[in-house]
Amino acid sequence: MKKTRGRVIFVPLLVILVAVALAGMTYSVFKSYLAKKGSSIMMGHSENASVSDERTAPLLDESDIDEEIKEQLDKATEESSLDEKKESVSVDLIVFAGQSNMSGLGGDPSKAVKVIDGAGAEFRSVSDPTKLYTITEPFGFYENTETMNDLFLKRGSLVSAFVNAYYEETKVPVVAVSASKGGTPSTYWATDVVGEDVVTRFLNAKEWLKGNGYTVRNQFLVFLQGENDVLENVSTDQYLTDLNTFSTKMFYRGIDKFLIIRIGRTIDDPDAYKRIADVQTELCRTDPRFVLISTMLSGFGEEYMTDKYHYNQDALNALGAEAGLNAAKFAETRIDPELMDYKTGETYIPVN
């Protein structure tokens with residue numbers, strides 16, 4: 001009888017020991033994987049940031065829309081041509097997130113490039129999640145919630161140029177989703193309400209595409225944000241914790257990679273954002289979840305800016321073209337691109 005009881009105790013104990021060993025092996029493999037890429041500067045930062053700034057804003061109605069902008073949008077074809085051949089279309093779903101230079105507050109829709117027919121479409125996850133729209137600038141103009149609201153201030157973005165360059169390299173159309181709001185530090189992006197807002201936009205698009213005959217190939221988030229972390233004196237550690245919190249939510253819900261466009265300058269100081277820009281560079285260099293796709297904003301002179309903080313449409317067109325090409329190269333090869341660091345004049349070489 002004692003012998004039987006010993007066996008009964010021994011079996012679950014053995015199971016526990018095996019489970020612990022497997023967990024240790026899994027963690028070791030994960031650490032080894034990161035080591036091959038370099039030791040990520042995000043390691044050790046919590047996925048649970050302490051934040052409070054949700055920056056909600058009242059929704060406005062169409063009477064608040066600039067008439068010239070409204071006319072520009074009304075000229076666009078409403079439904080995308082992609083919808084005519086959806087049964088045979090594989091697409092890459094890309095969320096464009098960040099603050100005002102992603103929103104395009106300094107842009108000019110009349111100077112934005114026109115998206116190539118068949119290169120991509122906009123899914124309006126907030127204002128009309130029932131079909132695909134032709135991409136036109138200002139991209140994401142109607143995609144406002146109380147949490148993420150640019151108050152109809154978008155003017156012209158980098159998205160159209162990005163989509164063209166991406167499609168020319170991959171021959172795979174982009175379905176683009178807007179998720180940007182000006183003047184937002186990392187503490188905003190780390191809040192639960194913002195994370196859920198972006199997740200909802202992404203999942204609405206993904207589920208609609210799959211439910212309407214499309215094949216979703218890649219799921220990326222392009223991020224251009226960080227200026228306000230300098231302006232509001234957010235520490236480097238806090239920035240990394242916040243970005244870890246936000247990105248973890250997105251990775252958990254299906255985003256494959258964060259594609260980072262590095263922040264640039266203010267009109268009177270080329271080095272104003274250096275502290276956060278350096279963190280973004282090192283994060284992408286060492287962490288396989290983040291891919292640097294452009295440093296071009298560091299290379300523009302003050303003549304490419306419309307005010308202290310915002311780039312004009314010529315800059316956004318060039319930025320979108322470079323970022324789109326580098327993103328496409330990554331999508332095709334799964335190798336982080338080597339690219340020009342416009343700040344140092346040297347070649348950026350990622351660990352992987």
# chains A, B, ... in the order shown; residues from 1 in each chain; ligands from 1
call {"tool": "select_by_dssp", "arguments": {"residues": "segment 81-260 of chain A", "states": "alpha helix (DSSP H)", "output": "PyMOL selection string"}}
result
chain A and resi 100-103+159-170+186-189+192-211+227-231+236-252
call {"tool": "residues_around", "arguments": {"residues": "Ile335 of chain A", "least_positions_apart": "4", "cutoff": "12 Å", "atoms": "only C-alpha atoms", "output": "VMD selection string"}}
result
chain A and resid 37 257 285 288 to 293 326 to 331 349 to 352
call {"tool": "residues_around", "arguments": {"residues": "Leu283 of chain A", "least_positions_apart": "4", "cutoff": "8 Å", "atoms": "only C-alpha atoms", "output": "number ranges by chain"}}
result
A: 40-42, 279, 287, 290
call {"tool": "write_last_selection", "arguments": {"atoms": "N, CA, C and O atoms", "output": "PDB file, in the first residue's frame"}}
result
ATOM      1  N   SER A  40      18.048  43.286 -26.818  1.00  0.00           N
ATOM      2  CA  SER A  40      17.112  44.373 -27.030  1.00  0.00           C
ATOM      3  C   SER A  40      17.136  45.336 -25.851  1.00  0.00           C
ATOM      4  O   SER A  40      17.095  44.920 -24.688  1.00  0.00           O
ATOM      5  N   ILE A  41      17.152  46.625 -26.136  1.00  0.00           N
ATOM      6  CA  ILE A  41      17.135  47.618 -25.068  1.00  0.00           C
ATOM      7  C   ILE A  41      15.780  47.667 -24.378  1.00  0.00           C
ATOM      8  O   ILE A  41      15.639  48.311 -23.351  1.00  0.00           O
ATOM      9  N   MET A  42      14.786  46.964 -24.940  1.00  0.00           N
ATOM     10  CA  MET A  42      13.471  46.926 -24.316  1.00  0.00           C
ATOM     11  C   MET A  42      13.371  45.817 -23.266  1.00  0.00           C
ATOM     12  O   MET A  42      12.447  45.810 -22.454  1.00  0.00           O
ATOM     13  N   VAL A 279      17.033  56.284 -29.294  1.00  0.00           N
ATOM     14  CA  VAL A 279      16.385  55.108 -28.697  1.00  0.00           C
ATOM     15  C   VAL A 279      15.674  54.298 -29.778  1.00  0.00           C
ATOM     16  O   VAL A 279      15.749  53.055 -29.804  1.00  0.00           O
ATOM     17  N   ASP A 287      16.110  44.681 -31.510  1.00  0.00           N
ATOM     18  CA  ASP A 287      14.895  43.919 -31.195  1.00  0.00           C
ATOM     19  C   ASP A 287      14.219  43.462 -32.486  1.00  0.00           C
ATOM     20  O   ASP A 287      13.807  44.286 -33.296  1.00  0.00           O
ATOM     21  N   PHE A 290      10.898  45.007 -34.111  1.00  0.00           N
ATOM     22  CA  PHE A 290      10.839  46.378 -34.617  1.00  0.00           C
ATOM     23  C   PHE A 290      11.802  46.533 -35.783  1.00  0.00           C
ATOM     24  O   PHE A 290      12.965  46.114 -35.703  1.00  0.00           O
TER      25      PHE A 290
END
call {"tool": "select_by_dssp", "arguments": {"residues": "segment 82-192 of chain A", "states": "strand (DSSP E)", "output": "number ranges by chain"}}
result
A: 90-98, 120-123, 132-133, 174-180
call {"tool": "write_last_selection", "arguments": {"atoms": "C-alpha atoms", "output": "PDB file, in the first residue's frame"}}
result
ATOM      1  CA  SER A  90      -3.835  38.707 -51.570  1.00  0.00           C
ATOM      2  CA  VAL A  91      -3.284  41.920 -49.597  1.00  0.00           C
ATOM      3  CA  ASP A  92      -0.992  43.282 -46.905  1.00  0.00           C
ATOM      4  CA  LEU A  93      -2.891  44.947 -44.069  1.00  0.00           C
ATOM      5  CA  ILE A  94      -1.023  47.970 -42.685  1.00  0.00           C
ATOM      6  CA  VAL A  95      -2.048  50.248 -39.812  1.00  0.00           C
ATOM      7  CA  PHE A  96      -0.554  53.748 -40.009  1.00  0.00           C
ATOM      8  CA  ALA A  97      -0.214  55.049 -36.444  1.00  0.00           C
ATOM      9  CA  GLY A  98       1.518  57.944 -34.728  1.00  0.00           C
ATOM     10  CA  GLY A 120      -4.114  49.711 -52.388  1.00  0.00           C
ATOM     11  CA  ALA A 121      -7.245  50.861 -50.631  1.00  0.00           C
ATOM     12  CA  GLU A 122      -8.357  52.464 -47.384  1.00  0.00           C
ATOM     13  CA  PHE A 123     -10.505  50.560 -44.921  1.00  0.00           C
ATOM     14  CA  LEU A 132     -12.852  49.549 -49.279  1.00  0.00           C
ATOM     15  CA  TYR A 133     -12.294  53.134 -50.386  1.00  0.00           C
ATOM     16  CA  VAL A 174      -1.980  47.459 -49.341  1.00  0.00           C
ATOM     17  CA  VAL A 175      -5.142  47.821 -47.311  1.00  0.00           C
ATOM     18  CA  ALA A 176      -4.387  50.868 -45.172  1.00  0.00           C
ATOM     19  CA  VAL A 177      -5.991  51.704 -41.821  1.00  0.00           C
ATOM     20  CA  SER A 178      -5.643  55.110 -40.164  1.00  0.00           C
ATOM     21  CA  ALA A 179      -4.820  55.310 -36.430  1.00  0.00           C
ATOM     22  CA  SER A 180      -3.075  58.617 -35.711  1.00  0.00           C
TER      23      SER A 180
END
call {"tool": "closest_residue", "arguments": {"among": "A:Ile276, A:Cys284, A:Met340, A:Val89", "to": "Gly299 of chain A", "atoms": "only C-alpha atoms"}}
result
A:Met340
call {"tool": "residues_around", "arguments": {"residues": "Leu297 of chain A", "least_positions_apart": "4", "cutoff": "10 Å", "atoms": "only C-alpha atoms", "output": "VMD selection string"}}
result
chain A and resid 261 to 265 270 301 304 311 315 to 316 318 to 319 341 to 343
call {"tool": "write_last_selection", "arguments": {"atoms": "N, CA, C and O atoms", "output": "CSV table (one decimal), in the first residue's frame"}}
result
chain,number,residue,atom,x,y,z
A,261,ILE,N,9.3,54.6,-38.5
A,261,ILE,CA,9.9,55.8,-39.2
A,261,ILE,C,10.4,56.7,-38.1
A,261,ILE,O,9.7,57.1,-37.2
A,262,ARG,N,11.7,56.9,-38.1
A,262,ARG,CA,12.4,57.6,-37.0
A,262,ARG,C,12.0,59.1,-37.1
A,262,ARG,O,11.9,59.7,-38.2
A,263,ILE,N,11.8,59.7,-35.9
A,263,ILE,CA,11.5,61.1,-35.9
A,263,ILE,C,12.7,62.0,-36.3
A,263,ILE,O,13.8,61.5,-36.3
A,264,GLY,N,12.4,63.3,-36.6
A,264,GLY,CA,13.4,64.1,-37.2
A,264,GLY,C,13.9,65.3,-36.4
A,264,GLY,O,14.7,65.2,-35.5
A,265,ARG,N,13.3,66.5,-36.6
A,265,ARG,CA,13.8,67.7,-36.0
A,265,ARG,C,12.7,68.7,-35.8
A,265,ARG,O,11.5,68.5,-36.2
A,270,PRO,N,18.0,71.0,-35.5
A,270,PRO,CA,18.2,69.6,-36.0
A,270,PRO,C,18.3,68.5,-35.0
A,270,PRO,O,18.1,67.3,-35.3
A,301,GLY,N,16.0,69.8,-44.5
A,301,GLY,CA,16.3,71.2,-44.0
A,301,GLY,C,15.0,71.9,-43.6
A,301,GLY,O,13.9,71.4,-43.8
A,304,TYR,N,11.8,72.4,-45.7
A,304,TYR,CA,10.8,71.3,-45.9
A,304,TYR,C,9.8,71.3,-44.8
A,304,TYR,O,9.0,70.3,-44.7
A,311,TYR,N,6.2,68.8,-41.3
A,311,TYR,CA,6.9,68.7,-42.6
A,311,TYR,C,5.8,68.9,-43.7
A,311,TYR,O,4.6,68.6,-43.6
A,315,ALA,N,8.2,66.8,-48.5
A,315,ALA,CA,8.9,66.0,-47.6
A,315,ALA,C,8.1,64.7,-47.3
A,315,ALA,O,8.7,63.6,-47.3
A,316,LEU,N,6.8,64.8,-47.1
A,316,LEU,CA,6.0,63.6,-46.8
A,316,LEU,C,6.0,62.6,-48.0
A,316,LEU,O,6.0,61.4,-47.9
A,318,ALA,N,8.4,62.2,-50.3
A,318,ALA,CA,9.7,61.6,-50.3
A,318,ALA,C,9.8,60.6,-49.2
A,318,ALA,O,10.3,59.4,-49.4
A,319,LEU,N,9.4,60.9,-48.0
A,319,LEU,CA,9.5,60.0,-46.9
A,319,LEU,C,8.6,58.8,-47.1
A,319,LEU,O,9.1,57.7,-46.9
A,341,ASP,N,21.5,56.4,-42.7
A,341,ASP,CA,21.2,57.2,-41.6
A,341,ASP,C,21.4,58.7,-41.9
A,341,ASP,O,22.6,59.1,-42.0
A,342,TYR,N,20.4,59.4,-42.2
A,342,TYR,CA,20.6,60.8,-42.6
A,342,TYR,C,21.1,61.7,-41.5
A,342,TYR,O,21.6,62.8,-41.9
A,343,LYS,N,21.1,61.3,-40.3
A,343,LYS,CA,21.6,62.1,-39.2
A,343,LYS,C,23.2,62.0,-39.2
A,343,LYS,O,23.9,63.0,-39.0
call {"tool": "atom_distance", "arguments": {"atom1": "atom CA of Gln225 of chain A", "atom2": "atom CA of Leu60 of chain A"}}
result
24.5 Å
call {"tool": "closest_residue", "arguments": {"among": "A:Asp256, A:Ile267, A:Ala112, A:Ile135", "to": "Arg334 of chain A", "atoms": "only C-alpha atoms"}}
result
A:Asp256
call {"tool": "closest_residue", "arguments": {"among": "A:Val230, A:Leu224, A:Phe141, A:Arg201", "to": "Glu62 of chain A", "atoms": "only C-alpha atoms"}}
result
A:Phe141
call {"tool": "closest_residue", "arguments": {"among": "A:Lys70, A:Lys274, A:Lys181, A:Lys114", "to": "Thr56 of chain A", "atoms": "only C-alpha atoms"}}
result
A:Lys181
call {"tool": "residues_around", "arguments": {"residues": "Leu105 of chain A", "least_positions_apart": "5", "cutoff": "12 Å", "atoms": "only C-alpha atoms", "output": "ChimeraX atom specification"}}
result
/A:98-100,137-141,150-158,180-183,305-313,316
call {"tool": "residues_around", "arguments": {"residues": "Ser186 of chain A", "least_positions_apart": "3", "cutoff": "6 Å", "atoms": "only C-alpha atoms", "output": "PyMOL selection string"}}
result
chain A and resi 189+239+242
call {"tool": "closest_residue", "arguments": {"among": "A:Arg217, A:Lys131, A:Lys249, A:Lys171", "to": "Asn204 of chain A", "atoms": "only C-alpha atoms"}}
result
A:Lys131
call {"tool": "closest_residue", "arguments": {"among": "A:Thr236, A:Thr145, A:Thr245, A:Asn228", "to": "Asp278 of chain A", "atoms": "only C-alpha atoms"}}
result
A:Thr236
call {"tool": "residues_around", "arguments": {"residues": "Val222 of chain A", "least_positions_apart": "4", "cutoff": "6 Å", "atoms": "only C-alpha atoms", "output": "list in words"}}
result
Phe96, Phe258, Leu259 and Ile260 of chain A
call {"tool": "decode", "arguments": {"residues": "segment 261-277 of chain A", "atoms": "all heavy atoms", "output": "mmCIF file, in the first residue's frame"}}
result
data_model
loop_
_atom_site.group_PDB
_atom_site.id
_atom_site.type_symbol
_atom_site.label_atom_id
_atom_site.label_comp_id
_atom_site.auth_asym_id
_atom_site.auth_seq_id
_atom_site.Cartn_x
_atom_site.Cartn_y
_atom_site.Cartn_z
ATOM 1 N N ILE A 261 9.311 54.588 -38.487
ATOM 2 C CA ILE A 261 9.866 55.754 -39.168
ATOM 3 C C ILE A 261 10.419 56.655 -38.066
ATOM 4 O O ILE A 261 9.679 57.120 -37.202
ATOM 5 C CB ILE A 261 8.793 56.504 -39.981
ATOM 6 C CG1 ILE A 261 8.253 55.610 -41.103
ATOM 7 C CG2 ILE A 261 9.372 57.795 -40.558
ATOM 8 C CD1 ILE A 261 7.090 56.216 -41.870
ATOM 9 N N ARG A 262 11.714 56.871 -38.087
ATOM 10 C CA ARG A 262 12.354 57.628 -37.012
ATOM 11 C C ARG A 262 11.992 59.113 -37.085
ATOM 12 O O ARG A 262 11.893 59.681 -38.180
ATOM 13 C CB ARG A 262 13.876 57.462 -37.092
ATOM 14 C CG ARG A 262 14.597 57.827 -35.807
ATOM 15 C CD ARG A 262 16.085 57.572 -35.937
ATOM 16 N NE ARG A 262 16.717 58.541 -36.832
ATOM 17 C CZ ARG A 262 17.980 58.477 -37.235
ATOM 18 N NH1 ARG A 262 18.735 57.459 -36.855
ATOM 19 N NH2 ARG A 262 18.483 59.405 -38.032
ATOM 20 N N ILE A 263 11.799 59.724 -35.932
ATOM 21 C CA ILE A 263 11.454 61.145 -35.885
ATOM 22 C C ILE A 263 12.664 61.999 -36.295
ATOM 23 O O ILE A 263 13.799 61.533 -36.282
ATOM 24 C CB ILE A 263 10.941 61.560 -34.496
ATOM 25 C CG1 ILE A 263 11.970 61.232 -33.408
ATOM 26 C CG2 ILE A 263 9.618 60.863 -34.204
ATOM 27 C CD1 ILE A 263 11.564 61.714 -32.021
ATOM 28 N N GLY A 264 12.388 63.269 -36.634
ATOM 29 C CA GLY A 264 13.435 64.111 -37.206
ATOM 30 C C GLY A 264 13.867 65.294 -36.364
ATOM 31 O O GLY A 264 14.702 65.166 -35.480
ATOM 32 N N ARG A 265 13.267 66.463 -36.570
ATOM 33 C CA ARG A 265 13.792 67.720 -36.027
ATOM 34 C C ARG A 265 12.665 68.714 -35.805
ATOM 35 O O ARG A 265 11.513 68.485 -36.195
ATOM 36 C CB ARG A 265 14.771 68.329 -37.035
ATOM 37 C CG ARG A 265 14.114 68.585 -38.404
ATOM 38 C CD ARG A 265 15.015 69.343 -39.365
ATOM 39 N NE ARG A 265 15.302 70.686 -38.886
ATOM 40 C CZ ARG A 265 16.327 71.422 -39.299
ATOM 41 N NH1 ARG A 265 17.147 70.936 -40.234
ATOM 42 N NH2 ARG A 265 16.531 72.634 -38.823
ATOM 43 N N THR A 266 13.006 69.859 -35.191
ATOM 44 C CA THR A 266 12.147 71.035 -35.230
ATOM 45 C C THR A 266 12.754 71.985 -36.258
ATOM 46 O O THR A 266 13.898 71.810 -36.687
ATOM 47 C CB THR A 266 12.068 71.740 -33.862
ATOM 48 O OG1 THR A 266 13.381 72.173 -33.486
ATOM 49 C CG2 THR A 266 11.507 70.803 -32.800
ATOM 50 N N ILE A 267 12.013 73.005 -36.636
ATOM 51 C CA ILE A 267 12.497 73.876 -37.701
ATOM 52 C C ILE A 267 13.768 74.622 -37.302
ATOM 53 O O ILE A 267 14.608 74.942 -38.146
ATOM 54 C CB ILE A 267 11.390 74.873 -38.129
ATOM 55 C CG1 ILE A 267 11.722 75.489 -39.493
ATOM 56 C CG2 ILE A 267 11.168 75.934 -37.066
ATOM 57 C CD1 ILE A 267 10.561 76.246 -40.115
ATOM 58 N N ASP A 268 13.957 74.874 -36.005
ATOM 59 C CA ASP A 268 15.114 75.647 -35.572
ATOM 60 C C ASP A 268 16.198 74.819 -34.882
ATOM 61 O O ASP A 268 17.226 75.361 -34.473
ATOM 62 C CB ASP A 268 14.665 76.792 -34.636
ATOM 63 C CG ASP A 268 13.791 76.304 -33.493
ATOM 64 O OD1 ASP A 268 13.540 75.086 -33.402
ATOM 65 O OD2 ASP A 268 13.357 77.159 -32.692
ATOM 66 N N ASP A 269 15.986 73.509 -34.765
ATOM 67 C CA ASP A 269 16.975 72.685 -34.071
ATOM 68 C C ASP A 269 17.020 71.267 -34.652
ATOM 69 O O ASP A 269 16.152 70.440 -34.348
ATOM 70 C CB ASP A 269 16.651 72.622 -32.576
ATOM 71 C CG ASP A 269 17.737 71.897 -31.779
ATOM 72 O OD1 ASP A 269 18.704 71.407 -32.389
ATOM 73 O OD2 ASP A 269 17.593 71.808 -30.539
ATOM 74 N N PRO A 270 18.034 70.965 -35.455
ATOM 75 C CA PRO A 270 18.158 69.624 -36.045
ATOM 76 C C PRO A 270 18.345 68.518 -35.018
ATOM 77 O O PRO A 270 18.103 67.347 -35.313
ATOM 78 C CB PRO A 270 19.406 69.742 -36.934
ATOM 79 C CG PRO A 270 19.582 71.203 -37.171
ATOM 80 C CD PRO A 270 19.085 71.874 -35.927
ATOM 81 N N ASP A 271 18.781 68.869 -33.812
ATOM 82 C CA ASP A 271 19.048 67.865 -32.773
ATOM 83 C C ASP A 271 17.982 67.819 -31.676
ATOM 84 O O ASP A 271 18.178 67.168 -30.649
ATOM 85 C CB ASP A 271 20.410 68.142 -32.128
ATOM 86 C CG ASP A 271 21.556 67.991 -33.106
ATOM 87 O OD1 ASP A 271 21.528 67.030 -33.903
ATOM 88 O OD2 ASP A 271 22.474 68.838 -33.092
ATOM 89 N N ALA A 272 16.866 68.488 -31.890
ATOM 90 C CA ALA A 272 15.864 68.617 -30.831
ATOM 91 C C ALA A 272 15.357 67.272 -30.324
ATOM 92 O O ALA A 272 15.110 67.106 -29.130
ATOM 93 C CB ALA A 272 14.693 69.452 -31.336
ATOM 94 N N TYR A 273 15.219 66.306 -31.221
ATOM 95 C CA TYR A 273 14.626 65.025 -30.842
ATOM 96 C C TYR A 273 15.649 63.900 -30.756
ATOM 97 O O TYR A 273 15.296 62.720 -30.760
ATOM 98 C CB TYR A 273 13.546 64.632 -31.862
ATOM 99 C CG TYR A 273 12.431 65.631 -32.019
ATOM 100 C CD1 TYR A 273 11.950 65.962 -33.291
ATOM 101 C CD2 TYR A 273 11.839 66.239 -30.917
ATOM 102 C CE1 TYR A 273 10.913 66.862 -33.456
ATOM 103 C CE2 TYR A 273 10.800 67.153 -31.068
ATOM 104 C CZ TYR A 273 10.342 67.459 -32.344
ATOM 105 O OH TYR A 273 9.318 68.352 -32.490
ATOM 106 N N LYS A 274 16.907 64.249 -30.673
ATOM 107 C CA LYS A 274 17.971 63.253 -30.743
ATOM 108 C C LYS A 274 17.827 62.144 -29.693
ATOM 109 O O LYS A 274 18.062 60.966 -29.987
ATOM 110 C CB LYS A 274 19.343 63.925 -30.604
ATOM 111 C CG LYS A 274 20.522 62.964 -30.765
ATOM 112 C CD LYS A 274 21.845 63.702 -30.639
ATOM 113 C CE LYS A 274 23.026 62.774 -30.909
ATOM 114 N NZ LYS A 274 23.068 61.619 -29.998
ATOM 115 N N ARG A 275 17.433 62.502 -28.493
ATOM 116 C CA ARG A 275 17.370 61.518 -27.414
ATOM 117 C C ARG A 275 16.419 60.370 -27.761
ATOM 118 O O ARG A 275 16.787 59.191 -27.652
ATOM 119 C CB ARG A 275 16.917 62.196 -26.112
ATOM 120 C CG ARG A 275 16.742 61.235 -24.937
ATOM 121 C CD ARG A 275 16.472 62.000 -23.653
ATOM 122 N NE ARG A 275 15.231 62.755 -23.683
ATOM 123 C CZ ARG A 275 14.037 62.261 -23.354
ATOM 124 N NH1 ARG A 275 13.924 60.990 -22.976
ATOM 125 N NH2 ARG A 275 12.961 63.025 -23.381
ATOM 126 N N ILE A 276 15.224 60.682 -28.208
ATOM 127 C CA ILE A 276 14.257 59.640 -28.544
ATOM 128 C C ILE A 276 14.595 58.991 -29.883
ATOM 129 O O ILE A 276 14.430 57.777 -30.056
ATOM 130 C CB ILE A 276 12.826 60.209 -28.560
ATOM 131 C CG1 ILE A 276 12.427 60.662 -27.155
ATOM 132 C CG2 ILE A 276 11.835 59.178 -29.090
ATOM 133 C CD1 ILE A 276 12.391 59.559 -26.111
ATOM 134 N N ALA A 277 15.114 59.779 -30.825
ATOM 135 C CA ALA A 277 15.518 59.204 -32.117
ATOM 136 C C ALA A 277 16.594 58.137 -31.929
ATOM 137 O O ALA A 277 16.570 57.081 -32.575
ATOM 138 C CB ALA A 277 16.022 60.305 -33.051
#
